[in-house]
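This report concerns only the one structure given below.
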Amino acid sequence: MRFQSPRGTEDILPADAHRWQRLEREFFELSGLYGYREIRTPMFEDIELFKRTSGETSDIVSKEMYDFVDKGGRHLCLKPEGTAPAMRAALEHNLIQPNQPLRMSYAIPFFRYGRPQKGRLRQPHQMGLELVGSASPAADAEIIEIVAKFYERVGIGKVRVMINSIGRAECRAKYREVVLSHFGGYLKDASDDDRAKAISNPLRLLDTKDSNAAELKSTIPPILNYLEDESKAHFDQLQELLTEAEIGFGIAPDIVRGLDYYTDTVFEVVSDQLGSGQSSLCGGGRYDGLIKELGGAPTPSVGVGMGMERALLVLEALGIQWEDRRPAVYVVRATEDAAQTCRELARRLRSAGLETHLDLDDRKMAHQLKQADRLGAKWAAMIGTDELAAGTVTLRDLSSSVQSVVPMSELVAKVKS
RNA sequence: GCGGAUAUAGCUCAGGGGUUAGAGCGCCUCACUGUGGCUGAGGAGGUCGUGGGUUCGAGACCCAUUAUCCGCCCCA
């Protein structure tokens with residue numbers, strides 16, 4: 001019986017792992033410059049945490065959770081997103097203090113039970129940021145700035161961040177009626193999906209792909225027209241701040257977000273390089289009501305999640321290749337009597353911080369050189385009877401084939417130069 | 001969750017009822033017993049995704065199942 005990885009999961013193989021490491025390194029380095037520090041929370045949580053925060057009617061909670069009951073009868077689930085667990089942990093450990101913004105970052109797998117496709121998995125990964133404790137549009141701008149800088153830094157280039165505001169609860173309630181009456185006629189013979197949306201979350205009618213609704217979508221007045229003064233001012237200031245930071249953005253009135261906890265600012269970065277109908281590279285927004293919902297003092301906050309496999313997919317589509325580290329030296333045992341000396345030299349090279357390879361299986365010299373070549377080693381350090389007697393190493397530059405004889409004592413220095 | 005397509009060597013793919021299933025690339029050996037890449041000659045590697053069925057005979061046809069891909073849903 002041969003096993004496969006479970007549906008919708010992927011193995012990250014040794015030849016590819018460096019790309020993931022690089023992505024995470026760039027992410028933590030960049031966000032660290034803004035003061036973000038990593039938080040690591042458990043892979044599973046009490047299922048109620050997500051029902052409370054994302055909302056019972058959200059797609060995540062209503063049909064995409066990997067939930068289970070453990071042997072102690074606890075109803076748990078693999079985390080379907082990163083924000084709620086981070087906030088639960090922050091509250092549990094009293095990390096949230098008045099007038100002290102809390103900045104947290106993470107790179108995590110998360111879990112959603114859906115139909116897999118390219119760029120859409122059951123165990124995807126995301127890099128997330130949470131900025132807790134500021135109501136200022138400067139907080140929204142900070143998160144968006146990091147996102148924009150991140151994509152630029154890894155080579156995806158300048159991205160256009162699409163922003164919208166969905167206001168506060170009253171505004172949304174008002175707008176919900178606007179949407180329902182605007183789409184009223186259409187809903188009579190709309191798809192089951194869209195009719196279900198009309199009941200569970202009318203705002204999501206805005207992103208229906210039904211061609212019959214295209215005109216209605218284009219003629220509906222945007223939610224921005226219904227924002228309260230405060231939300232309107234917030235949104236305007238955010239735009240000024242983004243302009244000041246020279247971040248390219250556009251306004252997309254149809255970005256609505258499927259989770260209940262968002263308020264005011266919502267945003268995403270899209271790419272046309274993803275294929276499979278997937279376009280979202282990252283998504284985020286402000287969630288001023290979430291912490292209160294979890295029993296904490298009302299605390300305004302903003303966050304974002306950036307999809308890792310989607311970033312990698314775009315990088316690949318752009319033809320951007322990241323080189324893995326390569327061995328510095330392959331120590332070649334030319335004759336059997338040099339075996340011990342070869343091992344000793346290899347140890348010395350590694351102590352000096354140089355990746356060094358050695359044949360384990362008494363292969364002939366030609367084979368060892370072939371391995372060295374295949375591994376992409378810079379140098380082959382060859383030792384046989386002659387070198388043993390002279391206390392030297394024959395050092396070959398594998399790309400130029402230039403060869404020289406150096407004393408063993410100078411090997412490390414020569415290779416490092 | 002709904003609709004469609006696909007599954008043959010490590011990889012990319014041919015073979016569409018009839019002996020022992022093929023190619024390119026990759027891998028191993030030798031030419032080259034102390035020198036990789038290039039070349040040449042050999043070689044290894046497949047329960048044809050899995051399980052049933054039809055047939056004298058199935059990699060091929062039928063059914064089921066699993067996985068992947070595409071569309072919907074949704075998002076990262």
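Letters A, B, ... mark the chains of the structure tokens in the order given; residue numbers begin at 1 per chain; ligand numbers begin at 1, in order shown.
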Taking only C-alpha atoms (C1' of nucleotides) into account, report as a PyMOL selection string which residues of chain B lie within 12 Å of chain A.
chain B and resi 1-2+28-29+32-37+47+49-50+66-76
Output C-alpha atoms (C1' of nucleotides) of each residue in that selection to a file, as an mmCIF file, in the first residue's frame.
data_model
loop_
_atom_site.group_PDB
_atom_site.id
_atom_site.type_symbol
_atom_site.label_atom_id
_atom_site.label_comp_id
_atom_site.auth_asym_id
_atom_site.auth_seq_id
_atom_site.Cartn_x
_atom_site.Cartn_y
_atom_site.Cartn_z
ATOM 1 C "C1'" G B 1 -20.920 20.809 -1.581
ATOM 2 C "C1'" C B 2 -22.293 20.885 -7.400
ATOM 3 C "C1'" C B 28 23.684 3.367 -12.904
ATOM 4 C "C1'" U B 29 28.078 0.908 -15.384
ATOM 5 C "C1'" C B 32 38.596 6.905 -18.317
ATOM 6 C "C1'" U B 33 41.787 1.291 -12.379
ATOM 7 C "C1'" G B 34 44.011 9.772 -9.361
ATOM 8 C "C1'" U B 35 39.838 14.086 -12.275
ATOM 9 C "C1'" G B 36 33.166 16.188 -12.991
ATOM 10 C "C1'" G B 37 30.659 18.639 -17.368
ATOM 11 C "C1'" U B 47 1.490 -4.501 -9.849
ATOM 12 C "C1'" G B 49 -3.744 5.408 -9.613
ATOM 13 C "C1'" U B 50 -6.810 1.488 -6.837
ATOM 14 C "C1'" U B 66 -9.044 7.832 -4.734
ATOM 15 C "C1'" A B 67 -6.117 11.884 -6.307
ATOM 16 C "C1'" U B 68 -5.023 16.033 -9.468
ATOM 17 C "C1'" C B 69 -6.627 19.901 -12.754
ATOM 18 C "C1'" C B 70 -10.690 23.262 -14.649
ATOM 19 C "C1'" G B 71 -15.511 25.923 -13.700
ATOM 20 C "C1'" C B 72 -19.039 27.246 -9.564
ATOM 21 C "C1'" C B 73 -18.950 28.382 -4.315
ATOM 22 C "C1'" C B 74 -15.330 30.765 -1.397
ATOM 23 C "C1'" C B 75 -11.049 32.811 -0.197
ATOM 24 C "C1'" A B 76 -5.093 32.819 1.353
#
Using the chain letters and numbers from this document, which residues of segment 147-275 of chain A does DSSP assign to alpha helix (DSSP H), as a PyMOL selection string?
chain A and resi 147-154+169-182+184-188+192-200+214-219+229-244
Write out as a ChimeraX atom specification the residues lying within 12 Å of U12 of chain B, counting only C-alpha atoms (C1' of nucleotides) and excluding same-chain residues fewer than 6 positions away.
/B:23-26
Name the residues in contact with segment 29-39 of chain A at a cut-off of 9 Å, using only C-alpha atoms (C1' of nucleotides), excluding same-chain residues fewer than 4 positions from it; report them as a PyMOL selection string.
chain A and resi 24-25+86+89+102-107+129-131+142+146+149-150+153
Give me a file of those residues, with all heavy atoms, as a short mmCIF file (atom, residue, chain, number, x, y, z; two decimals), in the first residue's frame.
data_model
loop_
_atom_site.label_atom_id
_atom_site.label_comp_id
_atom_site.auth_asym_id
_atom_site.auth_seq_id
_atom_site.Cartn_x
_atom_site.Cartn_y
_atom_site.Cartn_z
N GLU A 24 9.69 33.53 4.45
CA GLU A 24 9.48 33.82 5.87
C GLU A 24 10.55 34.75 6.40
O GLU A 24 10.28 35.65 7.20
CB GLU A 24 9.49 32.52 6.69
CG GLU A 24 8.28 31.66 6.43
CD GLU A 24 8.19 30.47 7.39
OE1 GLU A 24 8.98 30.42 8.35
OE2 GLU A 24 7.35 29.59 7.14
N ARG A 25 11.79 34.54 5.97
CA ARG A 25 12.88 35.39 6.46
C ARG A 25 12.63 36.84 6.06
O ARG A 25 12.75 37.75 6.87
CB ARG A 25 14.21 34.87 5.90
CG ARG A 25 15.43 35.49 6.57
CD ARG A 25 16.70 34.75 6.16
NE ARG A 25 16.99 34.90 4.75
CZ ARG A 25 17.08 33.89 3.89
NH1 ARG A 25 16.89 32.65 4.29
NH2 ARG A 25 17.35 34.12 2.62
N ALA A 86 -4.62 34.53 17.62
CA ALA A 86 -3.64 35.51 18.11
C ALA A 86 -4.29 36.41 19.15
O ALA A 86 -3.68 36.74 20.18
CB ALA A 86 -3.09 36.33 16.95
N ALA A 89 -4.82 34.51 22.42
CA ALA A 89 -3.58 34.40 23.17
C ALA A 89 -3.21 35.73 23.82
O ALA A 89 -2.77 35.78 24.97
CB ALA A 89 -2.45 33.93 22.25
N LEU A 102 0.11 46.79 20.28
CA LEU A 102 0.75 45.48 20.31
C LEU A 102 0.92 45.03 18.87
O LEU A 102 -0.04 45.03 18.09
CB LEU A 102 -0.16 44.50 21.06
CG LEU A 102 0.21 43.02 21.00
CD1 LEU A 102 1.54 42.77 21.71
CD2 LEU A 102 -0.90 42.18 21.63
N ARG A 103 2.16 44.66 18.51
CA ARG A 103 2.41 44.24 17.13
C ARG A 103 2.87 42.78 17.11
O ARG A 103 3.87 42.44 17.73
CB ARG A 103 3.48 45.13 16.50
CG ARG A 103 3.03 46.56 16.25
CD ARG A 103 4.16 47.37 15.66
NE ARG A 103 3.70 48.65 15.15
CZ ARG A 103 3.61 49.76 15.88
NH1 ARG A 103 3.93 49.74 17.16
NH2 ARG A 103 3.18 50.88 15.32
N MET A 104 2.12 41.97 16.39
CA MET A 104 2.45 40.55 16.34
C MET A 104 2.50 40.06 14.89
O MET A 104 1.76 40.53 14.04
CB MET A 104 1.41 39.74 17.11
CG MET A 104 1.32 40.12 18.58
SD MET A 104 0.22 39.02 19.48
CE MET A 104 -1.37 39.50 18.82
N SER A 105 3.39 39.09 14.65
CA SER A 105 3.51 38.51 13.31
C SER A 105 3.50 36.99 13.43
O SER A 105 3.78 36.45 14.50
CB SER A 105 4.82 38.97 12.66
OG SER A 105 5.92 38.66 13.51
N TYR A 106 3.16 36.32 12.36
CA TYR A 106 3.20 34.86 12.36
C TYR A 106 3.23 34.30 10.95
O TYR A 106 2.80 34.96 10.00
CB TYR A 106 2.00 34.27 13.13
CG TYR A 106 0.65 34.83 12.72
CD1 TYR A 106 -0.01 34.34 11.60
CD2 TYR A 106 0.04 35.86 13.45
CE1 TYR A 106 -1.25 34.85 11.23
CE2 TYR A 106 -1.19 36.38 13.09
CZ TYR A 106 -1.83 35.87 11.97
OH TYR A 106 -3.05 36.38 11.59
N ALA A 107 3.79 33.13 10.81
CA ALA A 107 3.75 32.41 9.54
C ALA A 107 3.25 31.02 9.90
O ALA A 107 3.93 30.28 10.59
CB ALA A 107 5.14 32.35 8.91
N LEU A 129 -0.04 39.62 10.11
CA LEU A 129 0.36 40.71 10.99
C LEU A 129 -0.88 41.17 11.74
O LEU A 129 -1.96 41.22 11.16
CB LEU A 129 0.89 41.89 10.19
CG LEU A 129 2.17 41.70 9.39
CD1 LEU A 129 2.42 42.94 8.52
CD2 LEU A 129 3.35 41.46 10.33
N GLU A 130 -0.72 41.50 13.01
CA GLU A 130 -1.82 42.08 13.77
C GLU A 130 -1.28 43.30 14.50
O GLU A 130 -0.25 43.23 15.16
CB GLU A 130 -2.38 41.07 14.80
CG GLU A 130 -2.70 39.68 14.27
CD GLU A 130 -3.86 39.64 13.27
OE1 GLU A 130 -4.60 40.64 13.15
OE2 GLU A 130 -4.01 38.59 12.59
N LEU A 131 -2.00 44.41 14.35
CA LEU A 131 -1.63 45.63 15.06
C LEU A 131 -2.81 45.97 15.97
O LEU A 131 -3.86 46.41 15.50
CB LEU A 131 -1.38 46.77 14.07
CG LEU A 131 -0.46 47.91 14.49
CD1 LEU A 131 -0.43 48.99 13.42
CD2 LEU A 131 -0.81 48.51 15.83
N GLU A 142 -0.05 51.59 8.12
CA GLU A 142 1.19 50.86 8.45
C GLU A 142 1.13 49.43 7.92
O GLU A 142 2.06 48.93 7.28
CB GLU A 142 1.42 50.85 9.96
CG GLU A 142 2.63 50.02 10.37
CD GLU A 142 2.91 50.10 11.87
OE1 GLU A 142 3.05 51.23 12.40
OE2 GLU A 142 2.99 49.03 12.50
N ILE A 146 3.46 47.78 4.91
CA ILE A 146 4.32 46.60 5.05
C ILE A 146 3.99 45.59 3.96
O ILE A 146 4.88 45.00 3.35
CB ILE A 146 4.16 45.96 6.45
CG1 ILE A 146 4.60 46.94 7.52
CG2 ILE A 146 4.97 44.67 6.53
CD1 ILE A 146 4.31 46.50 8.95
N LYS A 149 5.43 46.84 0.69
CA LYS A 149 6.89 46.74 0.70
C LYS A 149 7.33 45.28 0.63
O LYS A 149 8.35 44.96 0.02
CB LYS A 149 7.45 47.38 1.98
CG LYS A 149 7.30 48.90 2.01
CD LYS A 149 8.66 49.55 2.09
CE LYS A 149 8.58 51.06 2.29
NZ LYS A 149 7.95 51.77 1.17
N PHE A 150 6.55 44.43 1.26
CA PHE A 150 6.92 43.00 1.25
C PHE A 150 6.93 42.45 -0.18
O PHE A 150 7.89 41.82 -0.60
CB PHE A 150 5.97 42.19 2.12
CG PHE A 150 6.24 40.70 2.03
CD1 PHE A 150 7.32 40.15 2.71
CD2 PHE A 150 5.45 39.88 1.25
CE1 PHE A 150 7.61 38.79 2.60
CE2 PHE A 150 5.72 38.52 1.14
CZ PHE A 150 6.80 37.98 1.83
N ARG A 153 9.77 43.75 -2.05
CA ARG A 153 11.03 43.20 -1.55
C ARG A 153 11.32 41.80 -2.08
O ARG A 153 12.45 41.45 -2.41
CB ARG A 153 10.96 43.19 -0.03
CG ARG A 153 12.19 42.71 0.72
CD ARG A 153 11.88 42.77 2.21
NE ARG A 153 12.93 42.16 3.00
CZ ARG A 153 13.62 42.80 3.95
NH1 ARG A 153 13.37 44.07 4.20
NH2 ARG A 153 14.54 42.17 4.63
#
Run DSSP on the backbone and tell me which residues of segment 201-377 of chain A come out as strand (DSSP E); list them as a count of residues only.
33
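For the pair atom CA of Ala328 of chain A and atom CA of Arg347 of chain A, the interatomic distance is 13.2 Å.
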May I have the residues within 6 Å of segment 72-77 of chain A as an MDAnalysis selection string, using only C-alpha atoms (C1' of nucleotides) and disregarding those fewer than 6 positions away in the same chain?
chainID A and resid 44:47 66
Of the listed residues A:Leu294, A:Tyr175, A:Arg168, A:Ala148, that which approaches Ala245 of chain A most closely, counting only C-alpha atoms:
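Ranking A:Leu294, A:Tyr175, A:Arg168, A:Ala148 by distance to Ala245 of chain A, first place goes to A:Ala148.
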In Å to one decimal, how far is atom CA of Glu230 of chain A from atom CA of Ile199 of chain A?
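Pair atom CA of Ile199 of chain A / atom CA of Glu230 of chain A returns 28.3 Å.
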I want to know what sits within 9 Å of segment 184-187 of chain A, based on only C-alpha atoms (C1' of nucleotides), with residues of the same chain fewer than 4 positions away left out; could you give that as a PyMOL selection string?
chain A and resi 179-180+191+194-195+198+212-213+216
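Rounded to one decimal, atom CA of Val270 of chain A and atom CA of Val314 of chain A lie 10.6 Å from each other.
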Fewer than 5 positions away in the same chain doesn't count, so skip those; otherwise give me all residues within 12 Å of A60 of chain B, counting only C-alpha atoms (C1' of nucleotides), as a list in words.
U8, G15, G16, G17, G18, A21 and C48 of chain B
